[in-house]
Every structure is written in C-alpha cells, then in structure tokens.
Amino acid sequence: MNNSYFLDIAENLKPNLIESTVYPISEVEIISDKNSLHGWKVNKIGEIKSLNKRSFDTNESFIVDFGDHNVGYLNLKINSTGSPQDAPLRLKLTLGEVPCEIAEPHENYNGWISRSWLQEEIINIDILPCNLTLPRRYAFRYLKIEVIATSQKYNVQFEEISCTTVTSANTCNITPLPESLDKDLIKMDKVAIKTLQDCMHLVFEDGPKRDRRLWIGDLRLQALANYYSIKNYDLVKRCLYLFAGLPEDNGQIGACLFLEPKLLVDDTVLFDYSLFFVSILHDYYLETKDESTLNDLWPMALKQIELALSRVDETGIVKDAEGWWNFTDWHPDLNKQTPAQAVLIYTMKQGKVLSEILNDESSTKYLEENIKFISNAALEYLFDEEKGVFTSGKEKQISWASQAWMVLAEVFTKEENSKLLDRLFKINPKINMITPYMYHHLIEALIISDKKEKALELIRSYWGEMLKDGADCFWELYNPQNKFESPYGSNLINSYCHAWSCTPTYFIRKYFI
C-alpha cells in the first residue's frame, strides 16, 4: 500500500549530502584497563606523520584514532616498498566507534542480531600503488589495519589515510550557547548536536553504524532536537511524508522504513510508534505553521488514533495480550500496558490540538470523548490508591516508565504529578530505565511538573556520565550500573552514536538558557 502523491513530495525534499575530509590525529594502542569503559583504555603512542613513513610486513598492524566520531567513506593511499609486488596484498580493516570494537576479537561475538553489523573488511589488492576508497559507509573513530599477507619480496606503506564524511546537517548557523552557561552543559550540547548531525543523511537515521533506517520513535526525538539546533525542517517534513506514503495494508504507520534497494515499510509495527506519527506532526506544525502539510497528513494521523482505540477493551484499558508490541524501553521485564495507555492519552491530546486548528469539529468531539474515557479508565483500573502509583499488567508491576508516561499524559494536575514523581524517586522501582530514550521521557515529565532542578540533576548524572566514560557521540543504551548492558547479547553490537540520545541539546536550549 502506498500513496504516490506523498512519496513524490518526499522525493522532492531529498537533501544533498555535505562532504568533508578528515584525517587521523594519532597512532594509538588499546590496552586492558578494568577502570575504563568495557575494560579498555586508549593510549597515544605516535604521530601520524611518522606512521606514514613506516613500512609494514606480513602480520604487522597498527591502530589510528581520528579524534572524533565520523560517518563516511574510508580512503587509503597505499604503496609498496622493496622489490616489485609479486603477490596480492591482503589487509584486514576493523573500524570501531569505541575501543572494545577494536580490541575484542569479532570471532567471539555471541549476540542475537547479525554479526555482519560488526565493521570489518578483508581486502585483496593486486596492484600497488593504489588509491582505495571503500564502497561501504562506516561509523567510527578508531581504525585498525592488519597486514595479513604481502610476500617475501615487498612491504607496504600507508602514505595517507582519510575519511570522506557525509551528512545532510548544516551546522554553520547553529546559535552559540551563552558563555556564562556551565561548561559541562556546553560540552554536552556539542556532543548531542554531533550525535544528531551524524544521524542526519537522506533521512533521520536511528544509528549510522547499525540499522541505518528511519525509525519513527527516534525521528520524534531527533525532530525536537533539530528544532532547537540545526533547524532542518525539510528533513522532518520529508520523513513525515515517507511514513504517510508507505503505511501498512490496514493504514497503520510502520515502525521503520527502508530506503534501499527501494522504499519499503518494514513489517515491524509498534503500538506507541504508530501513535507518535501524531506527535511528530503536532510538533512540526507548532514549529513551522506549515498548514499544507497539516492538511495533507491529518487524516493519516487520525487513522493511527482510531486503530489504537480498536485495541482498547470495554473498560477503556489497552489490552495486554499476545500479538502486539509496544516499545517504551529495552528493559526485558518491563510490562508495557500502562505506558501504552499513557501514550494513547498523550497523542490523543496532541491530536485534539490539531483538530481544533483545522476546525475539524467532529474529530475534536470524538477525541474529547475518548480522552475522557481512556483517562478515567487509567485512574480507575491502573492507579493504586494505597501505594500512590500506577501499576501495569496482571502482576500490577510498578516501573519508572509507567509513572513517567502517565505524568506526560497529564491525567492528574501538575501538583498531583509532582507528588507522583516524588513518590517514584522514593520508591525507586526495580524495573528501572535502560535507554536514553526512556530517560528523555522521565526528564520531560520532571520539567512539565516544575522540577527543573531534578531534571538537570538527572541529565548530568546520565549523559554527563557518558561523557566521563569517553563519549564523543551519545549512545543507544547506557546503564550506569552495568556498562556492559546490551539488548542484543553483546555490547560490541551496540550503537555508540544513536539518534534518540541526542536530546540534551533540546533540554539545554529550550529549558536551561
């Protein structure tokens, strides 16, 4: 199912990629250190100028540090030394966003998603000298080059190593932060914008190393960060039209899209992600006042609410049963019924704002009635009066996610929400938060409940700790209590530049300057 009109608009908004060339800054070694992230430490051992003059024999290797995260295409200028080249040169290249990807053998990878996302190549070169540009795009800071084989007659020299970086983000006109702002927040803002920049290509990607797709949950947070920094409104608009142009057969917005070999909606459907189409359209309109886009896409947004309401039982509660998936967070034990209920209320309220702007009276009435019905059901069936918190599922689970999302849904007054958050921090549920995605929503909940100081404390204790652990972009997942945490079975495959982690720039620029 597709809408060619929407897809044509999206195609006309396709951005040009901005290229630049970057070079490694030093030769390094990566050594074991239990006090460093994942148990590995990086030491500088030499200058690039001296490396470029050395020659390498079979079984020799080196590692270079580009000094920052890069997304682009690797270039190698290679020559032979000694006698004429009488056999192919065989190289192994390993690229990593963080040191563990270089230091740990990929042969030991035991995760459940494909090992082909690990960034390594074996290359045979028949004729030297050569200027080699690898065809695949990489996301990396560190590069290890191993000479697997030359011959007894020649060695090789790497005269130049570079990366042609690509992004659709023009960062030249970002408003500088005031110099009076705390230095840690200035650094955090810089890294957050770098994270966003490296995820902006022909669409907003979720991560430039792995997946490299347009995911709607990531898009929602990227768009918010973008409005306060890079301000590429056309890219948000393009992504909205792509999703609207490629719904599932029943009209539901899919969780993510593939761009190649052709435009295609994935067969993954998430309850909350489909509803976030409403949120993205709501936020985009409030930022741009683009009435044409609102008129085009409002029917598709309303359709997502109608489909979600079909999953509500006669009491007004989202059914928690087999056959559905609501993301919320990566915690393996998290029950997602109550967060799903809250997201439905949250997005219906945003939909009501849009229906009123459009003077769509029938939709406004429909939404008002359902907001009241679903909100009252949440209070009657999901709120535990004795404990003073929302519970979720048959086991009446108490989680951080349920409370944060219900605060965002504003089923209580601001004062009552503030007290709910106080109880949350006092109880400290064992079903905690795993991703920056979920931390974002708790921080937003704190801010709208007039708890900005607590929100800032949490930003510093989470993203600030990532910085202390060496982050040059913010990561897909970070658990300060278990820094080896991975939803995939191995931290080697985690994304260390990930879209949903870019929102410190949104918080800092919107609320703290």
# chains A, B, ... in the order shown; residues from 1 in each chain; ligands from 1
>>> residues_around(residues="Glu306 (chain A)", least_positions_apart="2", cutoff="10 Å", atoms="only C-alpha atoms", output="VMD selection string")
chain A and resid 252 275 300 to 304 308 to 311 348 366 to 367
>>> write_last_selection(atoms="all heavy atoms", output="JSON list (two decimals), in the first residue's frame")
[["chain", "number", "residue", "atom", "x", "y", "z"],
["A", 252, "GLN", "N", -1.98, 1.50, 9.05],
["A", 252, "GLN", "CA", -1.16, 1.82, 10.22],
["A", 252, "GLN", "C", 0.25, 2.21, 9.80],
["A", 252, "GLN", "O", 0.82, 1.63, 8.87],
["A", 252, "GLN", "CB", -1.11, 0.62, 11.18],
["A", 252, "GLN", "CG", -0.47, 0.94, 12.52],
["A", 252, "GLN", "CD", -0.74, -0.14, 13.55],
["A", 252, "GLN", "OE1", -1.32, -1.18, 13.25],
["A", 252, "GLN", "NE2", -0.32, 0.10, 14.78],
["A", 275, "LEU", "N", 1.45, 5.70, 16.96],
["A", 275, "LEU", "CA", 0.81, 6.88, 17.53],
["A", 275, "LEU", "C", 1.73, 8.11, 17.49],
["A", 275, "LEU", "O", 1.24, 9.25, 17.42],
["A", 275, "LEU", "CB", 0.39, 6.60, 18.97],
["A", 275, "LEU", "CG", -0.87, 5.74, 19.13],
["A", 275, "LEU", "CD1", -1.02, 5.27, 20.56],
["A", 275, "LEU", "CD2", -2.12, 6.50, 18.68],
["A", 300, "MET", "N", -4.19, 10.81, 8.07],
["A", 300, "MET", "CA", -3.33, 9.68, 8.43],
["A", 300, "MET", "C", -3.05, 9.68, 9.93],
["A", 300, "MET", "O", -3.01, 8.60, 10.57],
["A", 300, "MET", "CB", -2.02, 9.75, 7.65],
["A", 300, "MET", "CG", -1.08, 8.58, 7.88],
["A", 300, "MET", "SD", -1.77, 7.00, 7.32],
["A", 300, "MET", "CE", -1.65, 7.20, 5.54],
["A", 301, "ALA", "N", -2.87, 10.85, 10.53],
["A", 301, "ALA", "CA", -2.64, 10.93, 11.97],
["A", 301, "ALA", "C", -3.87, 10.43, 12.73],
["A", 301, "ALA", "O", -3.76, 9.65, 13.69],
["A", 301, "ALA", "CB", -2.30, 12.36, 12.36],
["A", 302, "LEU", "N", -5.04, 10.91, 12.32],
["A", 302, "LEU", "CA", -6.28, 10.49, 12.98],
["A", 302, "LEU", "C", -6.48, 8.99, 12.85],
["A", 302, "LEU", "O", -6.96, 8.33, 13.79],
["A", 302, "LEU", "CB", -7.46, 11.25, 12.39],
["A", 302, "LEU", "CG", -8.83, 10.98, 13.01],
["A", 302, "LEU", "CD1", -8.83, 11.37, 14.49],
["A", 302, "LEU", "CD2", -9.92, 11.74, 12.25],
["A", 303, "LYS", "N", -6.09, 8.42, 11.71],
["A", 303, "LYS", "CA", -6.22, 6.98, 11.49],
["A", 303, "LYS", "C", -5.42, 6.19, 12.53],
["A", 303, "LYS", "O", -5.87, 5.13, 13.00],
["A", 303, "LYS", "CB", -5.71, 6.64, 10.08],
["A", 303, "LYS", "CG", -5.76, 5.16, 9.73],
["A", 303, "LYS", "CD", -7.20, 4.67, 9.57],
["A", 303, "LYS", "CE", -7.24, 3.25, 9.03],
["A", 303, "LYS", "NZ", -8.64, 2.75, 8.92],
["A", 304, "GLN", "N", -4.26, 6.71, 12.94],
["A", 304, "GLN", "CA", -3.44, 6.00, 13.93],
["A", 304, "GLN", "C", -4.16, 5.92, 15.28],
["A", 304, "GLN", "O", -4.09, 4.91, 15.98],
["A", 304, "GLN", "CB", -2.08, 6.68, 14.09],
["A", 304, "GLN", "CG", -1.31, 6.86, 12.80],
["A", 304, "GLN", "CD", -1.35, 5.63, 11.89],
["A", 304, "GLN", "OE1", -0.95, 4.52, 12.31],
["A", 304, "GLN", "NE2", -1.83, 5.80, 10.67],
["A", 308, "ALA", "N", -5.49, 2.56, 17.19],
["A", 308, "ALA", "CA", -5.07, 2.30, 18.57],
["A", 308, "ALA", "C", -6.28, 2.07, 19.47],
["A", 308, "ALA", "O", -6.26, 1.19, 20.35],
["A", 308, "ALA", "CB", -4.22, 3.45, 19.09],
["A", 309, "LEU", "N", -7.32, 2.84, 19.26],
["A", 309, "LEU", "CA", -8.52, 2.69, 20.09],
["A", 309, "LEU", "C", -9.20, 1.34, 19.87],
["A", 309, "LEU", "O", -9.91, 0.84, 20.75],
["A", 309, "LEU", "CB", -9.50, 3.83, 19.80],
["A", 309, "LEU", "CG", -9.12, 5.18, 20.41],
["A", 309, "LEU", "CD1", -9.99, 6.30, 19.86],
["A", 309, "LEU", "CD2", -9.20, 5.15, 21.94],
["A", 310, "SER", "N", -8.96, 0.73, 18.72],
["A", 310, "SER", "CA", -9.54, -0.60, 18.48],
["A", 310, "SER", "C", -8.90, -1.67, 19.36],
["A", 310, "SER", "O", -9.42, -2.78, 19.47],
["A", 310, "SER", "CB", -9.39, -0.98, 17.00],
["A", 310, "SER", "OG", -8.03, -1.26, 16.67],
["A", 311, "ARG", "N", -7.77, -1.32, 19.99],
["A", 311, "ARG", "CA", -7.11, -2.25, 20.89],
["A", 311, "ARG", "C", -7.55, -2.04, 22.34],
["A", 311, "ARG", "O", -7.05, -2.70, 23.25],
["A", 311, "ARG", "CB", -5.59, -2.10, 20.75],
["A", 311, "ARG", "CG", -4.92, -3.15, 21.55],
["A", 311, "ARG", "CD", -3.52, -3.50, 21.14],
["A", 311, "ARG", "NE", -3.15, -4.65, 21.92],
["A", 311, "ARG", "CZ", -3.33, -5.91, 21.56],
["A", 311, "ARG", "NH1", -3.82, -6.20, 20.39],
["A", 311, "ARG", "NH2", -3.02, -6.91, 22.37],
["A", 348, "MET", "N", -3.61, 11.46, 21.82],
["A", 348, "MET", "CA", -4.97, 11.95, 21.55],
["A", 348, "MET", "C", -5.09, 13.42, 21.91],
["A", 348, "MET", "O", -5.76, 14.19, 21.20],
["A", 348, "MET", "CB", -6.00, 11.12, 22.32],
["A", 348, "MET", "CG", -6.30, 9.77, 21.71],
["A", 348, "MET", "SD", -7.83, 9.01, 22.35],
["A", 348, "MET", "CE", -7.38, 8.73, 24.06],
["A", 366, "TYR", "N", -14.92, 13.61, 18.93],
["A", 366, "TYR", "CA", -14.51, 12.20, 19.03],
["A", 366, "TYR", "C", -13.31, 12.06, 19.96],
["A", 366, "TYR", "O", -13.29, 11.17, 20.84],
["A", 366, "TYR", "CB", -14.17, 11.70, 17.62],
["A", 366, "TYR", "CG", -13.48, 10.37, 17.53],
["A", 366, "TYR", "CD1", -14.19, 9.17, 17.67],
["A", 366, "TYR", "CD2", -12.11, 10.30, 17.26],
["A", 366, "TYR", "CE1", -13.54, 7.95, 17.55],
["A", 366, "TYR", "CE2", -11.46, 9.08, 17.13],
["A", 366, "TYR", "CZ", -12.18, 7.91, 17.28],
["A", 366, "TYR", "OH", -11.54, 6.69, 17.16],
["A", 367, "LEU", "N", -12.35, 12.93, 19.83],
["A", 367, "LEU", "CA", -11.14, 12.85, 20.65],
["A", 367, "LEU", "C", -11.44, 13.25, 22.09],
["A", 367, "LEU", "O", -10.94, 12.62, 23.03],
["A", 367, "LEU", "CB", -10.04, 13.73, 20.05],
["A", 367, "LEU", "CG", -9.47, 13.21, 18.73],
["A", 367, "LEU", "CD1", -8.63, 14.28, 18.04],
["A", 367, "LEU", "CD2", -8.62, 11.96, 18.96]]
>>> residues_around(residues="region 482-499 of chain A", least_positions_apart="5", cutoff="7 Å", atoms="only C-alpha atoms", output="list of chain:residue names")
A:His38, A:Glu97, A:Cys100, A:Glu101, A:Tyr109, A:Asn110, A:Gly111, A:Trp112, A:Ile113, A:Leu118, A:Thr195, A:Leu196, A:Cys199, A:Glu205, A:Asp206, A:Gly207, A:Lys209, A:Arg210, A:Asp218, A:Gln222, A:Trp330, A:Cys473, A:Phe474, A:Trp475, A:Glu476
>>> write_last_selection(atoms="N, CA, C and O atoms", output="CSV table (one decimal), in the first residue's frame")
chain,number,residue,atom,x,y,z
A,38,HIS,N,34.1,-0.7,29.3
A,38,HIS,CA,34.2,-2.0,28.8
A,38,HIS,C,35.5,-2.7,29.1
A,38,HIS,O,35.8,-3.7,28.5
A,97,GLU,N,33.5,2.4,16.8
A,97,GLU,CA,33.1,3.7,17.5
A,97,GLU,C,33.7,3.9,18.8
A,97,GLU,O,34.0,5.0,19.3
A,100,CYS,N,36.3,-1.1,22.5
A,100,CYS,CA,36.1,-2.5,22.6
A,100,CYS,C,35.9,-3.2,21.2
A,100,CYS,O,36.2,-4.3,21.0
A,101,GLU,N,35.4,-2.4,20.3
A,101,GLU,CA,35.1,-2.9,18.9
A,101,GLU,C,36.4,-3.2,18.2
A,101,GLU,O,36.4,-4.1,17.3
A,109,TYR,N,32.1,-12.8,19.1
A,109,TYR,CA,30.7,-12.2,19.2
A,109,TYR,C,29.7,-13.3,19.3
A,109,TYR,O,29.6,-14.3,18.5
A,110,ASN,N,28.8,-13.1,20.3
A,110,ASN,CA,27.7,-14.1,20.5
A,110,ASN,C,26.3,-13.5,20.6
A,110,ASN,O,25.4,-14.0,21.3
A,111,GLY,N,26.1,-12.3,20.0
A,111,GLY,CA,24.8,-11.6,20.1
A,111,GLY,C,23.8,-12.3,19.2
A,111,GLY,O,24.2,-13.1,18.3
A,112,TRP,N,22.6,-11.9,19.3
A,112,TRP,CA,21.5,-12.5,18.6
A,112,TRP,C,21.1,-11.7,17.3
A,112,TRP,O,20.4,-12.3,16.5
A,113,ILE,N,21.6,-10.5,17.1
A,113,ILE,CA,21.4,-9.9,15.8
A,113,ILE,C,22.7,-10.1,15.0
A,113,ILE,O,23.8,-10.4,15.5
A,118,LEU,N,29.0,-5.9,12.5
A,118,LEU,CA,30.4,-5.6,13.0
A,118,LEU,C,31.2,-5.0,11.8
A,118,LEU,O,31.2,-5.6,10.8
A,195,THR,N,25.9,14.1,17.7
A,195,THR,CA,25.1,12.8,17.6
A,195,THR,C,24.0,13.0,16.6
A,195,THR,O,23.8,12.2,15.7
A,196,LEU,N,23.3,14.1,16.7
A,196,LEU,CA,22.2,14.4,15.7
A,196,LEU,C,22.8,14.5,14.3
A,196,LEU,O,22.2,14.0,13.3
A,199,CYS,N,23.6,11.4,12.5
A,199,CYS,CA,22.4,10.6,12.2
A,199,CYS,C,21.5,11.2,11.1
A,199,CYS,O,20.5,10.6,10.8
A,205,GLU,N,18.3,9.0,10.4
A,205,GLU,CA,18.6,7.6,10.7
A,205,GLU,C,18.6,7.4,12.2
A,205,GLU,O,18.9,8.3,13.0
A,206,ASP,N,18.4,6.1,12.6
A,206,ASP,CA,18.4,5.8,14.1
A,206,ASP,C,19.8,5.7,14.6
A,206,ASP,O,20.2,6.1,15.7
A,207,GLY,N,20.7,5.1,13.7
A,207,GLY,CA,22.1,5.0,14.1
A,207,GLY,C,22.9,4.8,12.8
A,207,GLY,O,22.5,4.0,12.0
A,209,LYS,N,25.8,3.4,12.4
A,209,LYS,CA,26.6,2.1,12.3
A,209,LYS,C,25.6,0.9,12.0
A,209,LYS,O,26.0,0.1,11.2
A,210,ARG,N,24.5,0.9,12.8
A,210,ARG,CA,23.7,-0.3,12.7
A,210,ARG,C,22.2,0.1,12.6
A,210,ARG,O,21.8,1.1,13.1
A,218,ASP,N,12.7,7.3,17.1
A,218,ASP,CA,13.9,8.1,17.0
A,218,ASP,C,13.6,9.4,16.3
A,218,ASP,O,14.0,10.5,16.8
A,222,GLN,N,14.6,13.2,17.5
A,222,GLN,CA,15.5,14.0,16.6
A,222,GLN,C,14.9,15.3,16.1
A,222,GLN,O,15.6,16.3,16.1
A,330,TRP,N,14.0,-0.8,26.6
A,330,TRP,CA,14.6,-2.1,26.3
A,330,TRP,C,14.6,-3.0,27.5
A,330,TRP,O,15.1,-4.1,27.5
A,473,CYS,N,30.0,10.8,20.9
A,473,CYS,CA,28.6,10.9,20.5
A,473,CYS,C,27.8,10.2,21.6
A,473,CYS,O,28.4,9.3,22.3
A,474,PHE,N,26.5,10.4,21.7
A,474,PHE,CA,25.8,9.8,22.8
A,474,PHE,C,25.2,8.4,22.3
A,474,PHE,O,24.9,8.3,21.1
A,475,TRP,N,25.0,7.5,23.2
A,475,TRP,CA,24.9,6.1,22.9
A,475,TRP,C,23.4,5.6,22.9
A,475,TRP,O,22.5,6.2,23.4
A,476,GLU,N,23.2,4.5,22.2
A,476,GLU,CA,21.9,3.9,22.1
A,476,GLU,C,21.4,3.4,23.5
A,476,GLU,O,20.2,3.5,23.8
>>> closest_residue(among="A:Leu382, A:Ala169, A:Leu181, A:Leu134", to="Leu76 (chain A)", atoms="only C-alpha atoms")
A:Leu134
>>> residues_around(residues="His69 (chain A)", least_positions_apart="3", cutoff="10 Å", atoms="only C-alpha atoms", output="VMD selection string")
chain A and resid 65 to 66 96 to 98 139 to 142 165 191 194 to 195 198 471 to 473 496 to 497
>>> atom_distance(atom1="CA of Cys502 (chain A)", atom2="CA of Ile427 (chain A)")
28.6 Å
>>> atom_distance(atom1="CA of Glu410 (chain A)", atom2="CA of Ala445 (chain A)")
9.3 Å
>>> closest_residue(among="A:Ser162, A:Thr338, A:Gln350, A:Ser26", to="His282 (chain A)", atoms="only C-alpha atoms")
A:Gln350
>>> closest_residue(among="A:Ile18, A:Val265, A:Pro99, A:Leu379", to="Ser36 (chain A)", atoms="only C-alpha atoms")
A:Pro99
>>> residues_around(residues="Ala223 (chain A)", least_positions_apart="6", cutoff="8 Å", atoms="only C-alpha atoms", output="list in words")
Val236, Ile280 and Tyr284 of chain A
>>> select_by_dssp(residues="region 150-381 of chain A", states="helix (DSSP H, G or I)", output="ChimeraX atom specification")
/A:183-198,216-227,233-245,271-288,291-309,337-357,361-381
>>> atom_distance(atom1="CA of Val312 (chain A)", atom2="CA of Ile374 (chain A)")
8.6 Å
>>> select_by_dssp(residues="region 61-148 of chain A", states="strand (DSSP E or B)", output="PyMOL selection string")
chain A and resi 61-82+89-96+120-125+130-133+138-148
>>> closest_residue(among="A:Asp333, A:Asp68, A:Glu27, A:Asp8", to="Gly470 (chain A)", atoms="only C-alpha atoms")
A:Asp68
>>> residues_around(residues="Gly393 (chain A)", least_positions_apart="6", cutoff="8 Å", atoms="only C-alpha atoms", output="short mmCIF file (atom, residue, chain, number, x, y, z; two decimals) with C-alpha atoms, in the first residue's frame")
data_model
loop_
_atom_site.label_atom_id
_atom_site.label_comp_id
_atom_site.auth_asym_id
_atom_site.auth_seq_id
_atom_site.Cartn_x
_atom_site.Cartn_y
_atom_site.Cartn_z
CA ASP A 320 -2.25 -6.55 27.30
CA ASN A 335 5.28 -4.59 31.35
CA LYS A 336 4.11 -2.05 28.79
CA GLN A 337 0.34 -1.90 29.21
CA THR A 338 0.26 1.26 31.32
#
>>> closest_residue(among="A:Ser279, A:Ser449, A:Asn43, A:Ser363", to="Ile345 (chain A)", atoms="only C-alpha atoms")
A:Ser279
>>> residues_around(residues="region 147-160 of chain A", least_positions_apart="2", cutoff="12 Å", atoms="only C-alpha atoms", output="PyMOL selection string")
chain A and resi 21-25+48-64+74-94+121-133+144-145+162-163
>>> decode(residues="region 278-289 of chain A", atoms="N, CA, C and O atoms", output="mmCIF file, in the first residue's frame")
data_model
loop_
_atom_site.group_PDB
_atom_site.id
_atom_site.type_symbol
_atom_site.label_atom_id
_atom_site.label_comp_id
_atom_site.auth_asym_id
_atom_site.auth_seq_id
_atom_site.Cartn_x
_atom_site.Cartn_y
_atom_site.Cartn_z
ATOM 1 N N VAL A 278 1.346 11.089 15.166
ATOM 2 C CA VAL A 278 0.543 12.238 15.602
ATOM 3 C C VAL A 278 1.436 13.268 16.292
ATOM 4 O O VAL A 278 1.341 14.475 16.019
ATOM 5 N N SER A 279 2.306 12.789 17.188
ATOM 6 C CA SER A 279 3.202 13.687 17.922
ATOM 7 C C SER A 279 4.124 14.465 16.992
ATOM 8 O O SER A 279 4.325 15.671 17.161
ATOM 9 N N ILE A 280 4.699 13.771 16.035
ATOM 10 C CA ILE A 280 5.658 14.423 15.139
ATOM 11 C C ILE A 280 4.960 15.489 14.304
ATOM 12 O O ILE A 280 5.479 16.595 14.112
ATOM 13 N N LEU A 281 3.762 15.157 13.808
ATOM 14 C CA LEU A 281 3.003 16.138 13.035
ATOM 15 C C LEU A 281 2.620 17.331 13.917
ATOM 16 O O LEU A 281 2.732 18.494 13.492
ATOM 17 N N HIS A 282 2.198 17.063 15.150
ATOM 18 C CA HIS A 282 1.847 18.120 16.106
ATOM 19 C C HIS A 282 3.031 19.048 16.359
ATOM 20 O O HIS A 282 2.929 20.279 16.244
ATOM 21 N N ASP A 283 4.188 18.467 16.678
ATOM 22 C CA ASP A 283 5.379 19.272 16.984
ATOM 23 C C ASP A 283 5.853 20.038 15.754
ATOM 24 O O ASP A 283 6.276 21.200 15.849
ATOM 25 N N TYR A 284 5.802 19.374 14.587
ATOM 26 C CA TYR A 284 6.238 20.016 13.343
ATOM 27 C C TYR A 284 5.357 21.215 13.023
ATOM 28 O O TYR A 284 5.858 22.294 12.659
ATOM 29 N N TYR A 285 4.047 21.052 13.167
ATOM 30 C CA TYR A 285 3.163 22.183 12.851
ATOM 31 C C TYR A 285 3.385 23.346 13.824
ATOM 32 O O TYR A 285 3.455 24.506 13.403
ATOM 33 N N LEU A 286 3.488 23.053 15.101
ATOM 34 C CA LEU A 286 3.693 24.133 16.070
ATOM 35 C C LEU A 286 4.997 24.875 15.805
ATOM 36 O O LEU A 286 5.093 26.078 16.055
ATOM 37 N N GLU A 287 5.990 24.174 15.277
ATOM 38 C CA GLU A 287 7.281 24.798 14.983
ATOM 39 C C GLU A 287 7.243 25.598 13.685
ATOM 40 O O GLU A 287 7.844 26.669 13.589
ATOM 41 N N THR A 288 6.554 25.093 12.657
ATOM 42 C CA THR A 288 6.642 25.685 11.310
ATOM 43 C C THR A 288 5.382 26.394 10.843
ATOM 44 O O THR A 288 5.449 27.191 9.898
ATOM 45 N N LYS A 289 4.250 26.063 11.449
ATOM 46 C CA LYS A 289 2.943 26.561 10.984
ATOM 47 C C LYS A 289 2.692 26.204 9.512
ATOM 48 O O LYS A 289 2.059 26.957 8.758
#
